[in-house]
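What follows is a short report on a single structure.
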Amino acid sequence: MRPIESSKPARGLLRQALDAIEAVEPYRVFGRVAAVRGLLVEVAGPVGAMQVGGRLEIQVDGGPAVACEVIGFSGERALAMPFGSLIGVRRGCEARVAAGAPGVRPSAGWLGRVVDALGRPLDGKGPLPTGPRLYPFRADPPAAHSRRRVGAPLDLGIRAINTFLTASRGQRMGIFAGSGVGKSVLLSMMARATEADVAVIGLVGERGREVQEFLQDDLGPDGLARSVVVVATSDESALMRRNAAYLTLAVSEHFRDAGSSVLCMMDSVTRFAMAQRDIGLAAGEPPTAKGYTPTVFAELPRLLERAGPGTGDGTVTALFTVLVEGDDHNEPVADAVRGILDGHIVMTRDIAERGRYPAINVLRSVSRTMPRSCDPDFLPLVTKARQVLATFGDMEELIRLGAYRPGTSAEVDEAVSLMPQLEAFLAQRKEESTSIADGYRRLAEILRVP
């Protein structure tokens with residue numbers, strides 16, 4: 001019997017059938033918009049396929065999909081908040097469940113780029129190159145028992161910090177100040193002068209007008225060339241502002257895992273806490289201190305602990321600004337952050353009003369790694385300088401009023417004579433940079449210590 005030969009038409013029909021099968025879209029999991037209350041979207045459907053922190057995409061007629069994040073559940077409905085505007089969303093819109101964990105794939109090609117809170121380019125320089133590894137936005141900090149200790153002293157280029165608050169590689173410091181005292185300028189000075197391989201800068205809830213000013217005037221082309229800048233302006237949603245902080249740490253973790261010394265700067269943690277407060281209140285959490293919800297104080301350590309030394313050679317030295325409301329340095333967020341970090345730099349309005357910048361109050365600032373990161377030979381010098389500043393601070397009001405009589409106290413007389421030089425030492429121009437060694441040398445000359 002002769003074998004049956006397949007004909008060309010039969011092969012063509014088989015190929016068409018296979019192409020049709022391959023073109024069939026895999027199954028989709030989706031719910032439907034059941035209600036919209038303010039910025040909260042209630043989604044009915046397969047809530048078992050949704051998870052807190054997961055993503056939904058609401059399909060809008062005649063427009064792009066609205067990305068949302070699941071923030072909780074109520075009965076048989078998922079509660080979600082949008083990353084953008086809810087204009088066009090109606091009841092019954094399809095809400096597709098996005099597969100996979102939300103995250104980004106950073107690479108060395110991100111250096112010199114400006115991105116939004118979701119890792120999308122904002123600078124008009126084209127698409128971002130992707131790396132091989134996915135870094136989730138909300139990652140766990142490295143295990144405490146496997147982390148390396150903080151490293152050698154790190155030169156930040158700022159005299160007041162290098163000499164009185166010497167930082168170490170992998171240290172986490174907070175910059176506490178009210179509005180308009182000079183936090184952003186101080187960050188830009190350190191971004192240009194710090195001896196680090198990479199700088200990752202997160203502008204969380206920043207004024208839109210100030211973004212270009214920061215990039216062009218404060219950071220400059222040289223600073224931007226070795227930096228990745230994450231921007232979420234104050235007019236964006238609470239989820240975008242919160243996610244900008246998460247992305248800043250995710251990008252820092254990428255470069256740390258590559259063995260780089262990373263300088264991570266975030267302005268500001270307070271706006272991150274405010275965004276988390278808005279999200280918590282929308283989800284129905286009870287307000288506590290100053291309206292902040294319990295998740296704010298749960299998320300702060302999870303965010304801040306991600307910085308620091310890793311398990312390898314790379315480190316993330318982090319500087320987080322804290323916008324103290326009404327110049328109250330004991331308000332809830334400032335108090336919580338101060339207890340988590342490895343030191344705090346306090347900038348006060350009265351020093352700024354005198355025209356001395358950076359307006360760092362050395363006596364109220366602390367670096368918890370200072371005794372170990374500072375050269376022991378210079379510790380007596382720093383101690384004497386602090387004593388002079390403290391003596392003048394105690395008697396400042398009497399001195400300015402003319403109530404103090406010279407010759408009454410040798411310590412006060414010495415403080416009065418040295419204060420003009422110390423004030424000039426603590427002041428620094430925006431374009432100026434001073435190394436740790438030069439700072440100690442100049443301080444020794446002022447105090448006339450051999």
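Chain lettering (A, B, ...) mirrors the order of the structure tokens, residue numbering begins at 1 for each chain separately, and ligand numbering begins at 1 in order of display.
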Proximity check range 200-281 of chain A to range 136-152 of chain A, 9 Å, nearest pairs one decimal Å, only C-alpha atoms, as CSV:
```
residue,atom,partner,partner_atom,distance
A:Asn243,CA,A:Phe137,CA,7.2
A:Ala245,CA,A:Phe137,CA,8.9
A:Tyr246,CA,A:Phe137,CA,5.2
A:Leu247,CA,A:Phe137,CA,5.6
A:Thr248,CA,A:Phe137,CA,8.9
A:Leu249,CA,A:Phe137,CA,8.0
A:Ala250,CA,A:Phe137,CA,6.0
```
Using only C-alpha atoms, tabulate the residues of range 368-416 of chain A lying at most 12 Å from any atom of range 337-360 of chain A, each with its closest atom pair and that distance in Å to one decimal, by chain and increasing residue number, as a tab-separated table.
```
residue	atom	partner	partner_atom	distance
A:Arg368	CA	A:Gly343	CA	5.3
A:Thr369	CA	A:Asp342	CA	7.2
A:Met370	CA	A:Gly343	CA	9.2
```
Selection export as a PDB file, in the first residue's frame, atoms kept: N, CA and C atoms:
```pdb
ATOM      1  N   ARG A 368      26.748  59.320  65.165  1.00  0.00           N
ATOM      2  CA  ARG A 368      26.963  58.198  66.090  1.00  0.00           C
ATOM      3  C   ARG A 368      28.199  57.384  65.754  1.00  0.00           C
ATOM      4  N   THR A 369      28.777  57.568  64.564  1.00  0.00           N
ATOM      5  CA  THR A 369      30.013  56.860  64.230  1.00  0.00           C
ATOM      6  C   THR A 369      31.238  57.756  64.400  1.00  0.00           C
ATOM      7  N   MET A 370      31.026  58.976  64.874  1.00  0.00           N
ATOM      8  CA  MET A 370      32.121  59.954  64.953  1.00  0.00           C
ATOM      9  C   MET A 370      33.314  59.473  65.779  1.00  0.00           C
TER      10      MET A 370
END
```
- Spatial neighbours of range 86-101 of chain A, max dist 12 Å, only C-alpha atoms, sep filter under 5 positions, as a PyMOL selection string: chain A and resi 27-70+78-81+134-139+237
- Item | Among listed residues A:Val366, A:Phe83, A:Thr295, A:Ala390, nearest Ala283 in chain A (using only C-alpha atoms) |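 Closest to Ala283 in chain A of all the choices is A:Thr295.
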- Task: List every residue of range 184-220 of chain A that DSSP, applied to the backbone of this structure, assigns to strand (DSSP E), and report them as a PyMOL selection string.
- Result: chain A and resi 198-206
- If you run DSSP on this backbone, which residues of range 72-209 of chain A come out as alpha helix (DSSP H), and could you give them as a count of residues only? 19
- Query: range 202-204 of chain A: which residues within 7 Å, counting only C-alpha atoms, same-chain residues fewer than 2 positions away excluded, as JSON, numbers by chain?
  - Reply: {"A": [200, 206, 229, 230, 231, 232, 233, 241, 244, 245, 248, 265, 266, 267, 268, 271, 272]}
Could you save those same residues with N, CA and C atoms as a PDB file, in the first residue's frame?
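Saved as part_11.pdb:
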```
ATOM      1  N   VAL A 200      22.601  58.847  43.956  1.00  0.00           N
ATOM      2  CA  VAL A 200      21.194  58.624  43.618  1.00  0.00           C
ATOM      3  C   VAL A 200      20.387  59.627  44.436  1.00  0.00           C
ATOM      4  N   GLU A 206       8.735  67.394  45.523  1.00  0.00           N
ATOM      5  CA  GLU A 206       9.432  68.651  45.286  1.00  0.00           C
ATOM      6  C   GLU A 206       8.542  69.625  44.504  1.00  0.00           C
ATOM      7  N   VAL A 229      18.633  60.780  39.083  1.00  0.00           N
ATOM      8  CA  VAL A 229      17.711  61.657  39.801  1.00  0.00           C
ATOM      9  C   VAL A 229      16.294  61.134  39.618  1.00  0.00           C
ATOM     10  N   VAL A 230      15.613  60.878  40.732  1.00  0.00           N
ATOM     11  CA  VAL A 230      14.222  60.416  40.735  1.00  0.00           C
ATOM     12  C   VAL A 230      13.348  61.581  41.170  1.00  0.00           C
ATOM     13  N   VAL A 231      12.327  61.902  40.373  1.00  0.00           N
ATOM     14  CA  VAL A 231      11.516  63.098  40.624  1.00  0.00           C
ATOM     15  C   VAL A 231      10.047  62.724  40.732  1.00  0.00           C
ATOM     16  N   ALA A 232       9.403  63.180  41.797  1.00  0.00           N
ATOM     17  CA  ALA A 232       7.950  63.133  41.935  1.00  0.00           C
ATOM     18  C   ALA A 232       7.533  64.466  42.540  1.00  0.00           C
ATOM     19  N   THR A 233       6.906  65.321  41.751  1.00  0.00           N
ATOM     20  CA  THR A 233       6.572  66.664  42.212  1.00  0.00           C
ATOM     21  C   THR A 233       5.357  66.633  43.131  1.00  0.00           C
ATOM     22  N   ARG A 241       4.393  59.852  44.882  1.00  0.00           N
ATOM     23  CA  ARG A 241       5.358  60.437  45.822  1.00  0.00           C
ATOM     24  C   ARG A 241       5.977  59.364  46.712  1.00  0.00           C
ATOM     25  N   ALA A 244       8.409  57.177  44.645  1.00  0.00           N
ATOM     26  CA  ALA A 244       9.686  57.813  44.340  1.00  0.00           C
ATOM     27  C   ALA A 244      10.734  57.464  45.399  1.00  0.00           C
ATOM     28  N   ALA A 245      10.315  57.400  46.650  1.00  0.00           N
ATOM     29  CA  ALA A 245      11.245  57.013  47.720  1.00  0.00           C
ATOM     30  C   ALA A 245      11.667  55.553  47.561  1.00  0.00           C
ATOM     31  N   THR A 248      14.147  55.276  44.666  1.00  0.00           N
ATOM     32  CA  THR A 248      15.465  55.808  45.025  1.00  0.00           C
ATOM     33  C   THR A 248      16.306  54.752  45.726  1.00  0.00           C
ATOM     34  N   MET A 265      20.654  60.292  48.430  1.00  0.00           N
ATOM     35  CA  MET A 265      20.116  61.493  49.069  1.00  0.00           C
ATOM     36  C   MET A 265      18.638  61.602  48.739  1.00  0.00           C
ATOM     37  N   MET A 266      17.841  61.853  49.760  1.00  0.00           N
ATOM     38  CA  MET A 266      16.391  61.945  49.578  1.00  0.00           C
ATOM     39  C   MET A 266      15.864  63.220  50.234  1.00  0.00           C
ATOM     40  N   ASP A 267      15.094  63.967  49.452  1.00  0.00           N
ATOM     41  CA  ASP A 267      14.497  65.204  49.936  1.00  0.00           C
ATOM     42  C   ASP A 267      13.006  65.158  49.588  1.00  0.00           C
ATOM     43  N   SER A 268      12.125  64.812  50.517  1.00  0.00           N
ATOM     44  CA  SER A 268      12.422  64.609  51.915  1.00  0.00           C
ATOM     45  C   SER A 268      11.624  63.413  52.436  1.00  0.00           C
ATOM     46  N   ARG A 271       7.872  64.221  53.327  1.00  0.00           N
ATOM     47  CA  ARG A 271       6.866  64.138  52.264  1.00  0.00           C
ATOM     48  C   ARG A 271       6.520  62.686  51.956  1.00  0.00           C
ATOM     49  N   PHE A 272       7.471  61.782  52.122  1.00  0.00           N
ATOM     50  CA  PHE A 272       7.148  60.359  52.021  1.00  0.00           C
ATOM     51  C   PHE A 272       6.150  59.967  53.099  1.00  0.00           C
TER      52      PHE A 272
END
```
- Query: So, counting only C-alpha atoms, which residue among A:Gly103, A:Pro221, A:Pro406, A:Gly284 is closest to Ser74 in chain A?
  - Reply: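 Of all the options, A:Gly284 lies closest to Ser74 in chain A.
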- Which residue out of A:Leu300, A:Val416, A:Leu447, A:Val333 has the minimum interatomic distance to Thr383 in chain A when only C-alpha atoms are used? A:Leu447
What's around Val382 in chain A at 9 Å? Count only C-alpha atoms, leave out sequence neighbours fewer than 6 positions away in its own chain, and write the answer as a JSON list (two decimals) with C-alpha atoms, in the first residue's frame.
```json
[["chain", "number", "residue", "atom", "x", "y", "z"],
["A", 163, "THR", "CA", 35.29, 68.07, 61.14],
["A", 164, "PHE", "CA", 32.50, 67.95, 63.74],
["A", 440, "TYR", "CA", 41.21, 69.73, 60.70],
["A", 443, "LEU", "CA", 40.52, 74.27, 62.76]]
```
- Task: Would you kindly return, as a PyMOL selection string, each protein, DNA or RNA residue with an atom no farther than 6 Å from any atom of Val316 in chain A, considering only C-alpha atoms and excluding same-chain residues fewer than 6 positions away?
- Result: chain A and resi 170+262-263+307-309
- Task: To one decimal in Å, tell me the separation between CA of Asp328 in chain A and CA of Ala177 in chain A.
- Result: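 Computed distance, CA of Asp328 in chain A to CA of Ala177 in chain A, equals 9.0 Å.
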- Task: Might you pull out every residue within 12 Å of Val296 in chain A, with only C-alpha atoms counted and same-chain residues fewer than 3 positions away left off, and present them as a PyMOL selection string?
- Result: chain A and resi 242+269-281+285-293+299-303+332-333+336-337
- Task: Go through A:Leu215, A:Leu13, A:Ile436, A:Val251 and flag the residue nearest Ala167 in chain A, using only C-alpha atoms for the distances.
- Result: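 For Ala167 in chain A, the nearest of the given residues is A:Ile436.
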- Calculate how many Å separate CA of Asp394 in chain A from CA of Ile446 in chain A, rounding to one decimal.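 That distance, rounded to one decimal, is 20.6 Å.
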